[in-house]
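Asker: My structure is in input-v3.pdb, and what it holds is PDB, C-alpha atoms:
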```pdb
ATOM      1  CA  MET A  57      38.259 132.541 -62.333  1.00  0.00           C
ATOM      2  CA  ASP A  58      39.705 132.922 -58.875  1.00  0.00           C
ATOM      3  CA  ASP A  59      40.956 136.166 -57.297  1.00  0.00           C
ATOM      4  CA  GLU A  60      44.253 135.854 -59.172  1.00  0.00           C
ATOM      5  CA  GLY A  61      42.570 135.420 -62.560  1.00  0.00           C
ATOM      6  CA  ILE A  62      43.278 131.674 -62.821  1.00  0.00           C
ATOM      7  CA  LEU A  63      40.559 129.693 -64.564  1.00  0.00           C
ATOM      8  CA  GLN A  64      38.796 127.319 -62.150  1.00  0.00           C
ATOM      9  CA  PHE A  65      35.721 126.190 -64.123  1.00  0.00           C
ATOM     10  CA  GLU A  66      34.123 126.643 -67.507  1.00  0.00           C
ATOM     11  CA  GLY A  67      30.821 125.162 -68.436  1.00  0.00           C
ATOM     12  CA  GLU A  68      27.080 125.229 -67.994  1.00  0.00           C
ATOM     13  CA  TYR A  69      25.239 126.602 -64.970  1.00  0.00           C
ATOM     14  CA  LEU A  70      21.619 126.470 -63.913  1.00  0.00           C
ATOM     15  CA  ASN A  71      20.313 128.370 -60.891  1.00  0.00           C
ATOM     16  CA  GLY A  72      23.877 129.249 -59.854  1.00  0.00           C
ATOM     17  CA  GLN A  73      25.139 125.646 -59.840  1.00  0.00           C
ATOM     18  CA  LYS A  74      27.155 123.593 -62.289  1.00  0.00           C
ATOM     19  CA  ASN A  75      24.652 121.683 -64.437  1.00  0.00           C
ATOM     20  CA  GLY A  76      25.449 120.000 -67.731  1.00  0.00           C
ATOM     21  CA  LYS A  77      28.886 119.749 -69.286  1.00  0.00           C
ATOM     22  CA  GLY A  78      31.862 121.459 -67.721  1.00  0.00           C
ATOM     23  CA  LYS A  79      35.603 121.521 -67.163  1.00  0.00           C
ATOM     24  CA  LYS A  80      37.203 121.931 -63.723  1.00  0.00           C
ATOM     25  CA  TYR A  81      40.740 123.256 -63.408  1.00  0.00           C
ATOM     26  CA  ASN A  82      43.270 123.076 -60.587  1.00  0.00           C
ATOM     27  CA  ASN A  83      45.677 126.037 -60.728  1.00  0.00           C
ATOM     28  CA  GLY A  84      44.771 126.502 -64.387  1.00  0.00           C
ATOM     29  CA  ILE A  85      45.405 122.825 -65.296  1.00  0.00           C
ATOM     30  CA  LEU A  86      42.507 120.657 -66.484  1.00  0.00           C
ATOM     31  CA  ASP A  87      41.535 118.330 -63.642  1.00  0.00           C
ATOM     32  CA  PHE A  88      38.098 117.031 -64.704  1.00  0.00           C
ATOM     33  CA  GLU A  89      35.779 117.293 -67.672  1.00  0.00           C
ATOM     34  CA  GLY A  90      32.343 115.838 -67.800  1.00  0.00           C
ATOM     35  CA  GLU A  91      28.778 116.166 -66.636  1.00  0.00           C
ATOM     36  CA  TYR A  92      27.464 117.864 -63.506  1.00  0.00           C
ATOM     37  CA  LEU A  93      24.114 117.837 -61.754  1.00  0.00           C
ATOM     38  CA  ASP A  94      23.351 120.385 -59.040  1.00  0.00           C
ATOM     39  CA  GLY A  95      27.045 121.240 -58.676  1.00  0.00           C
ATOM     40  CA  ILE A  96      28.481 117.712 -58.420  1.00  0.00           C
ATOM     41  CA  LYS A  97      29.915 115.154 -60.852  1.00  0.00           C
ATOM     42  CA  HIS A  98      27.059 113.114 -62.263  1.00  0.00           C
ATOM     43  CA  GLY A  99      27.120 111.208 -65.554  1.00  0.00           C
ATOM     44  CA  LYS A 100      30.117 110.605 -67.802  1.00  0.00           C
ATOM     45  CA  GLY A 101      33.442 112.184 -66.969  1.00  0.00           C
ATOM     46  CA  LYS A 102      37.226 112.122 -67.216  1.00  0.00           C
ATOM     47  CA  GLU A 103      39.861 112.918 -64.591  1.00  0.00           C
ATOM     48  CA  TYR A 104      43.395 113.979 -65.495  1.00  0.00           C
ATOM     49  CA  TYR A 105      46.806 113.902 -63.851  1.00  0.00           C
ATOM     50  CA  SER A 106      48.587 117.251 -63.453  1.00  0.00           C
ATOM     51  CA  ASN A 107      50.673 116.391 -66.550  1.00  0.00           C
ATOM     52  CA  GLY A 108      47.495 116.290 -68.681  1.00  0.00           C
ATOM     53  CA  ILE A 109      47.421 112.491 -69.035  1.00  0.00           C
ATOM     54  CA  LEU A 110      44.055 110.761 -68.617  1.00  0.00           C
ATOM     55  CA  LYS A 111      43.708 109.240 -65.133  1.00  0.00           C
ATOM     56  CA  PHE A 112      40.117 107.954 -65.083  1.00  0.00           C
ATOM     57  CA  GLU A 113      37.329 107.693 -67.612  1.00  0.00           C
ATOM     58  CA  GLY A 114      33.890 106.529 -66.613  1.00  0.00           C
ATOM     59  CA  GLU A 115      30.622 107.256 -64.911  1.00  0.00           C
ATOM     60  CA  TYR A 116      29.694 109.174 -61.765  1.00  0.00           C
ATOM     61  CA  PHE A 117      26.625 109.218 -59.570  1.00  0.00           C
ATOM     62  CA  ASP A 118      26.131 111.846 -56.893  1.00  0.00           C
ATOM     63  CA  GLY A 119      29.829 112.806 -57.027  1.00  0.00           C
ATOM     64  CA  LEU A 120      31.183 109.244 -56.765  1.00  0.00           C
ATOM     65  CA  LYS A 121      32.526 106.824 -59.357  1.00  0.00           C
ATOM     66  CA  HIS A 122      29.560 104.613 -60.177  1.00  0.00           C
ATOM     67  CA  GLY A 123      29.245 102.302 -63.158  1.00  0.00           C
ATOM     68  CA  ILE A 124      31.943 101.162 -65.580  1.00  0.00           C
ATOM     69  CA  GLY A 125      35.242 103.018 -65.411  1.00  0.00           C
ATOM     70  CA  LYS A 126      38.821 102.753 -66.645  1.00  0.00           C
ATOM     71  CA  GLU A 127      41.880 103.693 -64.575  1.00  0.00           C
ATOM     72  CA  TYR A 128      45.157 104.744 -66.206  1.00  0.00           C
ATOM     73  CA  ASP A 129      48.682 105.100 -64.832  1.00  0.00           C
ATOM     74  CA  TYR A 130      50.715 108.337 -64.900  1.00  0.00           C
ATOM     75  CA  LYS A 131      51.986 107.502 -68.399  1.00  0.00           C
ATOM     76  CA  GLY A 132      48.506 106.888 -69.825  1.00  0.00           C
ATOM     77  CA  ASN A 133      48.628 103.080 -69.861  1.00  0.00           C
ATOM     78  CA  LEU A 134      45.395 101.291 -68.983  1.00  0.00           C
ATOM     79  CA  GLU A 135      45.739  99.707 -65.527  1.00  0.00           C
ATOM     80  CA  PHE A 136      42.266  98.205 -65.233  1.00  0.00           C
ATOM     81  CA  GLU A 137      38.590  98.509 -66.011  1.00  0.00           C
ATOM     82  CA  ALA A 138      36.090  97.952 -63.239  1.00  0.00           C
ATOM     83  CA  LYS A 139      32.503  98.382 -62.174  1.00  0.00           C
ATOM     84  CA  TYR A 140      32.117 100.884 -59.346  1.00  0.00           C
ATOM     85  CA  LEU A 141      29.284 101.119 -56.854  1.00  0.00           C
ATOM     86  CA  TYR A 142      29.092 104.415 -54.973  1.00  0.00           C
ATOM     87  CA  GLY A 143      32.826 105.085 -55.193  1.00  0.00           C
ATOM     88  CA  LYS A 144      34.116 101.581 -54.496  1.00  0.00           C
ATOM     89  CA  ILE A 145      35.176  98.875 -56.925  1.00  0.00           C
ATOM     90  CA  ASN A 146      32.510  96.172 -57.112  1.00  0.00           C
ATOM     91  CA  TYR A 147      34.381  93.922 -59.541  1.00  0.00           C
ATOM     92  CA  PHE A 148      37.075  94.094 -62.192  1.00  0.00           C
ATOM     93  CA  THR A 149      36.124  93.642 -65.822  1.00  0.00           C
ATOM     94  CA  TYR A 150      39.782  93.857 -66.899  1.00  0.00           C
ATOM     95  CA  LYS A 151      42.953  93.866 -64.836  1.00  0.00           C
ATOM     96  CA  ILE A 152      46.611  93.667 -65.791  1.00  0.00           C
TER
END
```
Output the file's structure in the form of structure tokens.

Answerer:
Amino acid sequence: MDDEGILQFEGEYLNGQKNGKGKKYNNGILDFEGEYLDGIKHGKGKEYYSNGILKFEGEYFDGLKHGIGKEYDYKGNLEFEAKYLYGKINYFTYKI
């Protein structure tokens, strides 16, 4: 919780850092849920728009999108699926 009592993160910690599964909130609204390693996104995760709709679902490495991921529009419609390398799209596996 922050100084105003608004939930910022809930999940697993190890040695004072986020490690394992967790949920990150922005002003009390779920922003990200997934896996952390040494305080950063690492493994499978999901990002959400401020309206609660899924924005991205995929894999992270060292805090960056890395591996197969799906991007959704603000209404929750699949826009595309792609393979990411260190945060950048390497190639599309599906595109509208």

Asker: Just checking: using all atoms listed in the file, which residue out of A:Ile96, A:Tyr150, A:Tyr128, A:Gly90 ends up closest to A:Glu115?

Answerer: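 Under the stated criterion, the closest residue is A:Gly90.
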
Asker: Residues picked by the PyMOL selection byres ((chain A and resi 132-146) around 9) here, as a CSV table (one decimal) with C-alpha atoms, in the frame of the given file?

Answerer:
```
chain,number,residue,atom,x,y,z
A,109,ILE,CA,47.4,112.5,-69.0
A,110,LEU,CA,44.1,110.8,-68.6
A,111,LYS,CA,43.7,109.2,-65.1
A,115,GLU,CA,30.6,107.3,-64.9
A,116,TYR,CA,29.7,109.2,-61.8
A,117,PHE,CA,26.6,109.2,-59.6
A,118,ASP,CA,26.1,111.8,-56.9
A,119,GLY,CA,29.8,112.8,-57.0
A,120,LEU,CA,31.2,109.2,-56.8
A,121,LYS,CA,32.5,106.8,-59.4
A,122,HIS,CA,29.6,104.6,-60.2
A,123,GLY,CA,29.2,102.3,-63.2
A,124,ILE,CA,31.9,101.2,-65.6
A,125,GLY,CA,35.2,103.0,-65.4
A,126,LYS,CA,38.8,102.8,-66.6
A,127,GLU,CA,41.9,103.7,-64.6
A,128,TYR,CA,45.2,104.7,-66.2
A,129,ASP,CA,48.7,105.1,-64.8
A,130,TYR,CA,50.7,108.3,-64.9
A,131,LYS,CA,52.0,107.5,-68.4
A,147,TYR,CA,34.4,93.9,-59.5
A,148,PHE,CA,37.1,94.1,-62.2
A,149,THR,CA,36.1,93.6,-65.8
A,150,TYR,CA,39.8,93.9,-66.9
A,151,LYS,CA,43.0,93.9,-64.8
A,152,ILE,CA,46.6,93.7,-65.8
```

Asker: Which is closer to A:His98 than all the others in A:Glu68, A:Asn75, A:Leu63, A:Leu86, using only C-alpha atoms?

Answerer: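 Checking each of A:Glu68, A:Asn75, A:Leu63, A:Leu86 against A:His98, counting only C-alpha atoms, the winner is A:Asn75.
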
Asker: Taking into account all atoms listed in the file, which residue in the set A:Tyr104, A:Lys80, A:Lys74, A:Glu91 is nearest to A:Ile62?

Answerer: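 Nearest to A:Ile62: A:Lys80.
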
Asker: If you take every atom of stretch 117-130 of chain A that the file lists and fit an axis-aligned box around them with 8 Å extra on each side, what centre and edge lengths come out in Å to one decimal, as JSON?

Answerer:
```
{"center_x": 38.4, "center_y": 107.0, "center_z": -61.7, "size_x": 40.6, "size_y": 27.6, "size_z": 25.9}
```

Asker: Please report the interatomic distance between atom CA of A:Phe88 and atom CA of A:Gly101 in Å with one decimal.

Answerer: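 Interatomic distance, atom CA of A:Phe88 to atom CA of A:Gly101: 7.1 Å.
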
Asker: One decimal, Å: what's the distance from atom CA of A:Glu113 over to atom CA of A:Gly95, could you say?

Answerer: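 It comes out at 19.2 Å.
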
Asker: From the list A:Asn71, A:Gly99, A:Glu66, A:Ser106, which residue is nearest A:Asn83 when using only C-alpha atoms?

Answerer: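 Under the stated criterion, the closest residue is A:Ser106.
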
Asker: In Å to one decimal, how far is atom CA of A:Leu93 from atom CA of A:Tyr105?

Answerer: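 These two atoms are separated by 23.1 Å.
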
Asker: My list of candidates is A:Gly76, A:Phe112, A:Glu60, A:Phe65. Which is closest to A:Tyr92 when distances are computed with all atoms listed in the file?

Answerer: A:Gly76

Asker: Which residue gives the smallest distance to A:Gln64 among A:Gly114, A:Asp94, A:Gly108, A:Ile85, with only C-alpha atoms counted?

Answerer: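 Once distances to A:Gln64 are computed over only C-alpha atoms, the minimum belongs to A:Ile85.
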